[in-house]
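Everything on this sheet refers to the single structure shown next.
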Amino acid sequence: MKKLMISLVLLNLLAACGSNPPKADVADAKPAQAEPATAAPVAVVPMAAQATDTQAATSSAAPAAAASTPAQTDTAPAATPESAAVMPATATSAAQEAQFTDEARAASVTSDSAQGGGSVYFPFDVDAVQAEDMDTILIQAKNLSSHASLSVRVEGNADERGSSEYNLALGQRRANNTKRALVLGGARSDQIETVSFGEEKPRATGHDEASWAQNRRADIQVGE
Amino acid sequence: MRGVLWLCLTFAVWSVQAELNIEITGAGEHQTPISVVRFAGEAPGDSGLASVMANDLMRTGLFKLVDPAGKAPHEPGEVKYAEWDGVEAVLMGSIKKLDGGNVLVKYSLLDLVRRTELETQVLMAQGDQTRAIAHRIADMVYERLTGSAGVFGTRIAYVSRDQGRFRLVVADSDGYGEQSLLSSNEPIMSPAWSPDGKRLAYVSFEQRRAMVYVQTLSTRQRTLLASFPGSNSAPAWSPDGNQLALVLTHEGSSQLYLMKNDGSNLRRISFSGTIDTEPNFSPDGKFLLFTSDRGGSVQIYRMALDGGSAERLTYDGGNNFSARYSPDGKSFVFSHYEGGKFYVATQDFSSKQMQILTAGGWDKKPSFAPNGKLILFGSESQGRGILATISSDGRVKQKMVAQSGDIREPTWGPFQKQ
């Protein structure tokens with residue numbers, strides 16, 4: 001039964017991510033995913049939506065189903081997917097950006113693990129978790145749901161384009177949305193703390209897309 | 001106009017020596033030709049009184065420095081007016097070491113066109129404060145010649161990063177006289193001066209996430225102002241210093257809040273659900289400028305503190321953020337990002353026209369000097385963050401290059417009460 005629930009949630013996640021430009025086919029998401037039902041499931045929770053950071057500590061055992069009710073119905077400005085207006089033509093093209101983001105993701109996926117945590121990556125000025133990171137999310141979410149005493153810290157980061165304060169805010173939204181995805185995947189809200197470092201702790205320091213792609217990221221750090 | 005002024009600048013403890021290279025480019029339209037004669041008794045070298053004053057006056061863009069060409073008067077009586085053709089004013093004086101380590105500085109400013117003495121003053125201060133004295137004299141000269149208050153004696157704050165260390169630094173307006181207020185292995189952001197110049201609010205990650213602290217400069221005593229879950233950031237003081245606007249995320253996305261300066265009476269004032277950040281009070285305390293992405297792209301908005309809807313102020317292509325009011329409240333300065341470059345720009349509230357002031361690059365976080373005539377911002381040179389100023393008409397730019405470290409988040413402090 002729990003497995004079925006997780007599968008449903010997974011479908012929700014995938015459907016939700018459909019609103020963001022998918023960069024690769026995600027049909028091969030590994031765990032569960034037995035359901036033939038491809039139609040969009042009910043209660044689609046747009047992950048990109050503004051997530052109230054459901055305060056930790058209060059809810060004790062609210063697994064997947066309960067957590068999937070959107071905490072807030074605030075209109076989501078959301079995840080303006082790389083609009084041309086935001087991304088000037090003379091800067092890196094969207095295709096280039098996607099390529100670098102994929103590379104950053106591929107480079108880090110080898111070090112990702114349930115125990116060691118993982119990273120998810122974002123396009124420029126986007127705070128919605130991307131479909132390509134569903135595996136990472138599900139591995140971490142499963143780890144949290146099967147180890148009730150475990151906790152993680154999600155650290156949101158941003159590239160340096162923008163003000164430090166805007167980027168701090170953007171990193172926080174990335175962390176919040178990553179948390180939301182983990183909760184949808186079965187983790188409890190109170191297992192997850194979210195913080196942002198904005199542009200303050202870049203993994204790569206160049207003024208180029210290859211560096212920026214690595215810095216637009218949320219890290220899921222396991223246990224402390 | 002004679003008198004003795006005591007400079008009581010007693011914060012000499014955490015001084016960090018940093019050598020700066022200063023490069024000035026551009027020229028104002030109507031520049032007053034002025035000569036600054038090396039003071040009698042000045043130690044040789046570039047950090048002498050005369051060169052500090054000359055540099056101060058120069059970077060306003062309002063003056064053209066004329067080499068005294070061998071003439072070396074130190075008192076009004078020694079000036080032969082006929083020799084100073086083409087120069088409108090001359091600044092001269094002397095510095096004398098007193099027993100006990102203090103110095104006595106006497107200076108005179110002469111109007112060479114009307115052939116009159118404009119001002120002669122005597123100042124006394126501690127011997128290690130010659131730069132402060134020089135700034136003070138430059139302020140008086142500036143005020144005498146332009147009618148506006150000088151800002152050379154004010155201070156600036158910024159964040160310096162060097163090999164993984166972050167320092168919150170307070171320095172003279174020309175970048176010299178660095179003093180570290182805080183040193184940390186974790187990032188520091190967004191220093192904001194209290195209106196009386198005695199305290200700084202800032203964001204520190206020392207507890208592994210963004211929290212807002214307030215620190216008193218003279219005692220170094222500090223308090224944790226905001227540590228709600230998530231990020232606490234972007235502190236801004238109200239003009240009376242009684243409250244701060246700041247950004248919290250404990251209810252979701254970054255939203256604007258107000259609190260008293262002791263952390264009490266917290267109340268949320270923006271309800272967008274999108275990102276609202278970087279609040280800045282109008283000089284009359286009635287409005288806030290802030291940055292928001294509520295319209296899709298990142299733009300600058302204004303809202304009244306007593307309610308009402310936010311008004312979008314910037315429409316130009318690209319993104320606009322980090323807005324700060326001019327001291328007279330008639331315009332604001334901000335960062336404009338377009339085509340992969342950051343520019344410093346200003347916009348008038350009445351004309352609503354954006355004016356780009358810098359050539360573009362990595363020009364971020366602009367703030368006005370308290371007299372509104374200069375703008376300080378963070379720029380970049382050879383991959384490192386540096387301080388830079390530009391006159392508010394965009395004509396004269398000055399880069400200040402520190403020998404080490406990566407400088408960010410500069411902000412110009414208020415006039416100091418003497």
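Ordering of the structure tokens sets the chain letters (A, B, ...), residue numbers begin anew at 1 in every chain, and ligands are numbered from 1 in the order given.
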
What are the closest atom pairs, with distances in Å to one decimal, for all residues of chain B lying within 7 Å of chain A? Consider only C-alpha atoms, order rows by chain and residue number, and present the result as CSV.
```
residue,atom,partner,partner_atom,distance
B:Pro187,CA,A:Glu200,CA,6.2
B:Arg209,CA,A:Val195,CA,6.0
B:Gly230,CA,A:Val195,CA,5.1
B:Ser231,CA,A:Val195,CA,6.3
B:Ala234,CA,A:Glu165,CA,6.5
B:His250,CA,A:Asp53,CA,6.6
B:Glu251,CA,A:Thr52,CA,5.8
B:Gly252,CA,A:Thr52,CA,4.0
B:Ser253,CA,A:Arg173,CA,6.2
B:Ser254,CA,A:Ala169,CA,5.7
B:Gly273,CA,A:Asp74,CA,6.1
B:Thr274,CA,A:Pro77,CA,6.2
B:Ile275,CA,A:Ala169,CA,6.4
B:Thr277,CA,A:Tyr166,CA,6.5
B:Glu278,CA,A:Glu165,CA,6.5
B:Arg294,CA,A:Pro77,CA,6.4
B:Gly296,CA,A:Thr80,CA,6.6
B:Ser297,CA,A:Val86,CA,5.9
B:Gly318,CA,A:Val86,CA,6.2
B:Phe321,CA,A:Ser163,CA,6.9
B:Ser322,CA,A:Ser163,CA,6.7
B:Glu338,CA,A:Pro88,CA,6.4
B:Gly339,CA,A:Pro88,CA,4.9
B:Gly340,CA,A:Ala91,CA,5.2
```

Would you pick out the contacts of Ala107 (chain A) at 12 Å or less, using only C-alpha atoms, so that residues sharing its chain but fewer than 5 positions from it are not included, and give the list as a PDB file with N, CA, C and O atoms, in the first residue's frame?
```
ATOM      1  N   PHE A 100      25.224  22.735 -20.081  1.00  0.00           N
ATOM      2  CA  PHE A 100      26.110  22.864 -18.918  1.00  0.00           C
ATOM      3  C   PHE A 100      25.430  22.368 -17.645  1.00  0.00           C
ATOM      4  O   PHE A 100      26.059  21.764 -16.792  1.00  0.00           O
ATOM      5  N   THR A 101      24.125  22.645 -17.550  1.00  0.00           N
ATOM      6  CA  THR A 101      23.407  22.180 -16.375  1.00  0.00           C
ATOM      7  C   THR A 101      23.414  20.655 -16.335  1.00  0.00           C
ATOM      8  O   THR A 101      23.633  20.048 -15.290  1.00  0.00           O
ATOM      9  N   ASP A 102      23.195  20.040 -17.500  1.00  0.00           N
ATOM     10  CA  ASP A 102      23.234  18.576 -17.570  1.00  0.00           C
ATOM     11  C   ASP A 102      24.606  18.045 -17.182  1.00  0.00           C
ATOM     12  O   ASP A 102      24.732  17.039 -16.495  1.00  0.00           O
ATOM     13  N   ASP A 112      26.486  11.187  -5.592  1.00  0.00           N
ATOM     14  CA  ASP A 112      25.222  11.153  -4.868  1.00  0.00           C
ATOM     15  C   ASP A 112      24.961   9.750  -4.318  1.00  0.00           C
ATOM     16  O   ASP A 112      25.232   8.758  -4.983  1.00  0.00           O
ATOM     17  N   GLY A 118      22.752  14.353  -1.933  1.00  0.00           N
ATOM     18  CA  GLY A 118      22.777  14.564  -3.370  1.00  0.00           C
ATOM     19  C   GLY A 118      22.520  16.013  -3.712  1.00  0.00           C
ATOM     20  O   GLY A 118      22.277  16.831  -2.827  1.00  0.00           O
ATOM     21  N   SER A 119      22.615  16.316  -4.994  1.00  0.00           N
ATOM     22  CA  SER A 119      22.414  17.686  -5.448  1.00  0.00           C
ATOM     23  C   SER A 119      21.411  17.715  -6.586  1.00  0.00           C
ATOM     24  O   SER A 119      21.384  16.807  -7.419  1.00  0.00           O
ATOM     25  N   VAL A 120      20.608  18.768  -6.613  1.00  0.00           N
ATOM     26  CA  VAL A 120      19.719  18.966  -7.752  1.00  0.00           C
ATOM     27  C   VAL A 120      20.054  20.310  -8.393  1.00  0.00           C
ATOM     28  O   VAL A 120      20.544  21.219  -7.730  1.00  0.00           O
ATOM     29  N   TYR A 121      19.795  20.413  -9.689  1.00  0.00           N
ATOM     30  CA  TYR A 121      20.267  21.564 -10.461  1.00  0.00           C
ATOM     31  C   TYR A 121      19.111  22.321 -11.104  1.00  0.00           C
ATOM     32  O   TYR A 121      18.051  21.743 -11.370  1.00  0.00           O
ATOM     33  N   ALA A 210      29.586  27.444 -17.574  1.00  0.00           N
ATOM     34  CA  ALA A 210      30.027  26.172 -17.005  1.00  0.00           C
ATOM     35  C   ALA A 210      30.083  26.267 -15.481  1.00  0.00           C
ATOM     36  O   ALA A 210      29.717  25.326 -14.770  1.00  0.00           O
ATOM     37  N   ALA A 213      26.328  26.961 -14.006  1.00  0.00           N
ATOM     38  CA  ALA A 213      25.481  25.763 -13.994  1.00  0.00           C
ATOM     39  C   ALA A 213      25.732  24.936 -12.739  1.00  0.00           C
ATOM     40  O   ALA A 213      24.803  24.356 -12.170  1.00  0.00           O
ATOM     41  N   GLN A 214      26.965  24.889 -12.302  1.00  0.00           N
ATOM     42  CA  GLN A 214      27.289  24.117 -11.094  1.00  0.00           C
ATOM     43  C   GLN A 214      26.782  24.811  -9.830  1.00  0.00           C
ATOM     44  O   GLN A 214      26.573  24.171  -8.804  1.00  0.00           O
TER      45      GLN A 214
END
```

Original post:
Could you write out, as a PyMOL selection string, all the residues of region 218-412 of chain B that DSSP marks as strand (DSSP E or B)?
Top reply: chain B and resi 222-226+232-237+243-248+255-260+267-268+276-281+287-292+299-304+311-312+319-325+331-338+341-348+354-356+361-362+364-368+374-381+384-391+397-402+406-412

**OP:** Enter the distance from CA of Ser160 (chain B) to CA of Ile300 (chain B), in Å, rounded to one decimal.
**Re:**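 Distance reported for this atom pair: 26.9 Å.
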
**OP:** Would you mind listing what lies within 12 Å of Val212 (chain B) as a ChimeraX atom specification, with only C-alpha atoms counted and same-chain residues fewer than 4 positions away left out?
**Re:** /B:188-192,200-207,222-228,230-236,244-248,259,261-263

Writer output for current selection, N, CA and C atoms, as an mmCIF file, in the first residue's frame:
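Okay, selection.cif is ready:
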```cif
data_model
loop_
_atom_site.group_PDB
_atom_site.id
_atom_site.type_symbol
_atom_site.label_atom_id
_atom_site.label_comp_id
_atom_site.auth_asym_id
_atom_site.auth_seq_id
_atom_site.Cartn_x
_atom_site.Cartn_y
_atom_site.Cartn_z
ATOM 1 N N ILE B 188 29.480 36.882 4.845
ATOM 2 C CA ILE B 188 28.872 38.072 5.449
ATOM 3 C C ILE B 188 28.274 38.867 4.288
ATOM 4 N N MET B 189 27.107 39.453 4.508
ATOM 5 C CA MET B 189 26.424 40.170 3.424
ATOM 6 C C MET B 189 25.746 41.434 3.938
ATOM 7 N N SER B 190 25.452 42.320 3.001
ATOM 8 C CA SER B 190 24.470 43.391 3.182
ATOM 9 C C SER B 190 24.642 44.288 4.405
ATOM 10 N N PRO B 191 25.846 44.832 4.625
ATOM 11 C CA PRO B 191 25.976 45.778 5.732
ATOM 12 C C PRO B 191 25.086 47.008 5.499
ATOM 13 N N ALA B 192 24.481 47.499 6.587
ATOM 14 C CA ALA B 192 23.598 48.674 6.492
ATOM 15 C C ALA B 192 23.872 49.584 7.683
ATOM 16 N N LEU B 200 26.082 49.073 12.668
ATOM 17 C CA LEU B 200 25.879 48.421 11.383
ATOM 18 C C LEU B 200 24.977 47.210 11.605
ATOM 19 N N ALA B 201 23.972 47.080 10.741
ATOM 20 C CA ALA B 201 23.212 45.831 10.682
ATOM 21 C C ALA B 201 23.786 45.065 9.497
ATOM 22 N N TYR B 202 23.832 43.761 9.587
ATOM 23 C CA TYR B 202 24.360 42.972 8.476
ATOM 24 C C TYR B 202 23.881 41.538 8.585
ATOM 25 N N VAL B 203 24.177 40.783 7.536
ATOM 26 C CA VAL B 203 23.808 39.374 7.495
ATOM 27 C C VAL B 203 25.075 38.551 7.671
ATOM 28 N N SER B 204 25.051 37.621 8.606
ATOM 29 C CA SER B 204 26.190 36.720 8.774
ATOM 30 C C SER B 204 25.691 35.284 8.754
ATOM 31 N N PHE B 205 26.497 34.425 8.134
ATOM 32 C CA PHE B 205 26.163 32.997 8.054
ATOM 33 C C PHE B 205 26.915 32.195 9.108
ATOM 34 N N GLU B 206 27.429 32.862 10.121
ATOM 35 C CA GLU B 206 28.271 32.152 11.092
ATOM 36 C C GLU B 206 27.567 31.014 11.798
ATOM 37 N N GLN B 207 26.226 31.075 11.882
ATOM 38 C CA GLN B 207 25.488 29.939 12.439
ATOM 39 C C GLN B 207 24.937 29.080 11.313
ATOM 40 N N ARG B 222 27.619 43.242 19.854
ATOM 41 C CA ARG B 222 26.624 42.963 18.831
ATOM 42 C C ARG B 222 25.494 42.099 19.348
ATOM 43 N N THR B 223 24.354 42.236 18.684
ATOM 44 C CA THR B 223 23.188 41.459 19.069
ATOM 45 C C THR B 223 22.632 40.762 17.837
ATOM 46 N N LEU B 224 22.044 39.595 18.081
ATOM 47 C CA LEU B 224 21.390 38.853 17.018
ATOM 48 C C LEU B 224 19.972 39.404 16.901
ATOM 49 N N LEU B 225 19.672 40.015 15.778
ATOM 50 C CA LEU B 225 18.374 40.678 15.632
ATOM 51 C C LEU B 225 17.301 39.732 15.098
ATOM 52 N N ALA B 226 17.651 38.905 14.115
ATOM 53 C CA ALA B 226 16.639 38.025 13.511
ATOM 54 C C ALA B 226 17.250 36.676 13.173
ATOM 55 N N SER B 227 16.636 35.610 13.699
ATOM 56 C CA SER B 227 17.138 34.254 13.448
ATOM 57 C C SER B 227 15.973 33.288 13.249
ATOM 58 N N PHE B 228 15.000 33.731 12.463
ATOM 59 C CA PHE B 228 13.858 32.874 12.170
ATOM 60 C C PHE B 228 14.304 31.736 11.250
ATOM 61 N N GLY B 230 14.916 29.450 8.096
ATOM 62 C CA GLY B 230 15.164 29.889 6.727
ATOM 63 C C GLY B 230 16.191 31.008 6.715
ATOM 64 N N SER B 231 15.984 31.997 5.835
ATOM 65 C CA SER B 231 16.940 33.097 5.679
ATOM 66 C C SER B 231 16.425 34.376 6.321
ATOM 67 N N ASN B 232 17.316 35.080 6.977
ATOM 68 C CA ASN B 232 17.030 36.402 7.564
ATOM 69 C C ASN B 232 18.020 37.362 6.919
ATOM 70 N N SER B 233 17.527 38.383 6.232
ATOM 71 C CA SER B 233 18.493 39.159 5.448
ATOM 72 C C SER B 233 18.000 40.556 5.106
ATOM 73 N N ALA B 234 18.838 41.260 4.330
ATOM 74 C CA ALA B 234 18.525 42.571 3.750
ATOM 75 C C ALA B 234 18.060 43.620 4.764
ATOM 76 N N PRO B 235 18.782 43.801 5.873
ATOM 77 C CA PRO B 235 18.339 44.807 6.840
ATOM 78 C C PRO B 235 18.460 46.224 6.275
ATOM 79 N N ALA B 236 17.488 47.075 6.620
ATOM 80 C CA ALA B 236 17.517 48.490 6.221
ATOM 81 C C ALA B 236 16.946 49.308 7.366
ATOM 82 N N LEU B 244 13.676 48.683 11.641
ATOM 83 C CA LEU B 244 14.356 48.156 10.475
ATOM 84 C C LEU B 244 13.360 47.398 9.607
ATOM 85 N N ALA B 245 13.589 47.503 8.304
ATOM 86 C CA ALA B 245 12.898 46.609 7.381
ATOM 87 C C ALA B 245 13.874 45.470 7.120
ATOM 88 N N LEU B 246 13.352 44.274 6.930
ATOM 89 C CA LEU B 246 14.224 43.151 6.623
ATOM 90 C C LEU B 246 13.428 42.089 5.885
ATOM 91 N N VAL B 247 14.130 41.068 5.447
ATOM 92 C CA VAL B 247 13.501 40.027 4.650
ATOM 93 C C VAL B 247 13.592 38.704 5.399
ATOM 94 N N LEU B 248 12.428 38.039 5.538
ATOM 95 C CA LEU B 248 12.380 36.741 6.212
ATOM 96 C C LEU B 248 11.728 35.724 5.281
ATOM 97 N N MET B 259 10.501 45.582 11.916
ATOM 98 C CA MET B 259 10.599 45.336 13.358
ATOM 99 C C MET B 259 11.251 46.544 14.013
ATOM 100 N N ASN B 261 14.070 48.328 16.409
ATOM 101 C CA ASN B 261 15.507 48.058 16.371
ATOM 102 C C ASN B 261 15.983 47.140 17.496
ATOM 103 N N ASP B 262 15.066 46.782 18.421
ATOM 104 C CA ASP B 262 15.436 45.785 19.429
ATOM 105 C C ASP B 262 14.883 44.410 19.065
ATOM 106 N N GLY B 263 14.310 44.277 17.871
ATOM 107 C CA GLY B 263 13.806 42.990 17.408
ATOM 108 C C GLY B 263 12.347 42.736 17.745
#
```

**OP:** With a distance cut-off of 7 Å and only C-alpha atoms, select the neighbouring residues of Ala369 (chain B), excluding the residue or stretch itself and same-chain residues fewer than 5 positions from it, and output the selection as a list in words.
**Re:**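 Skipping anything fewer than 5 positions along the chain leaves Val151, Leu374, Ile375 and Trp412 of chain B.
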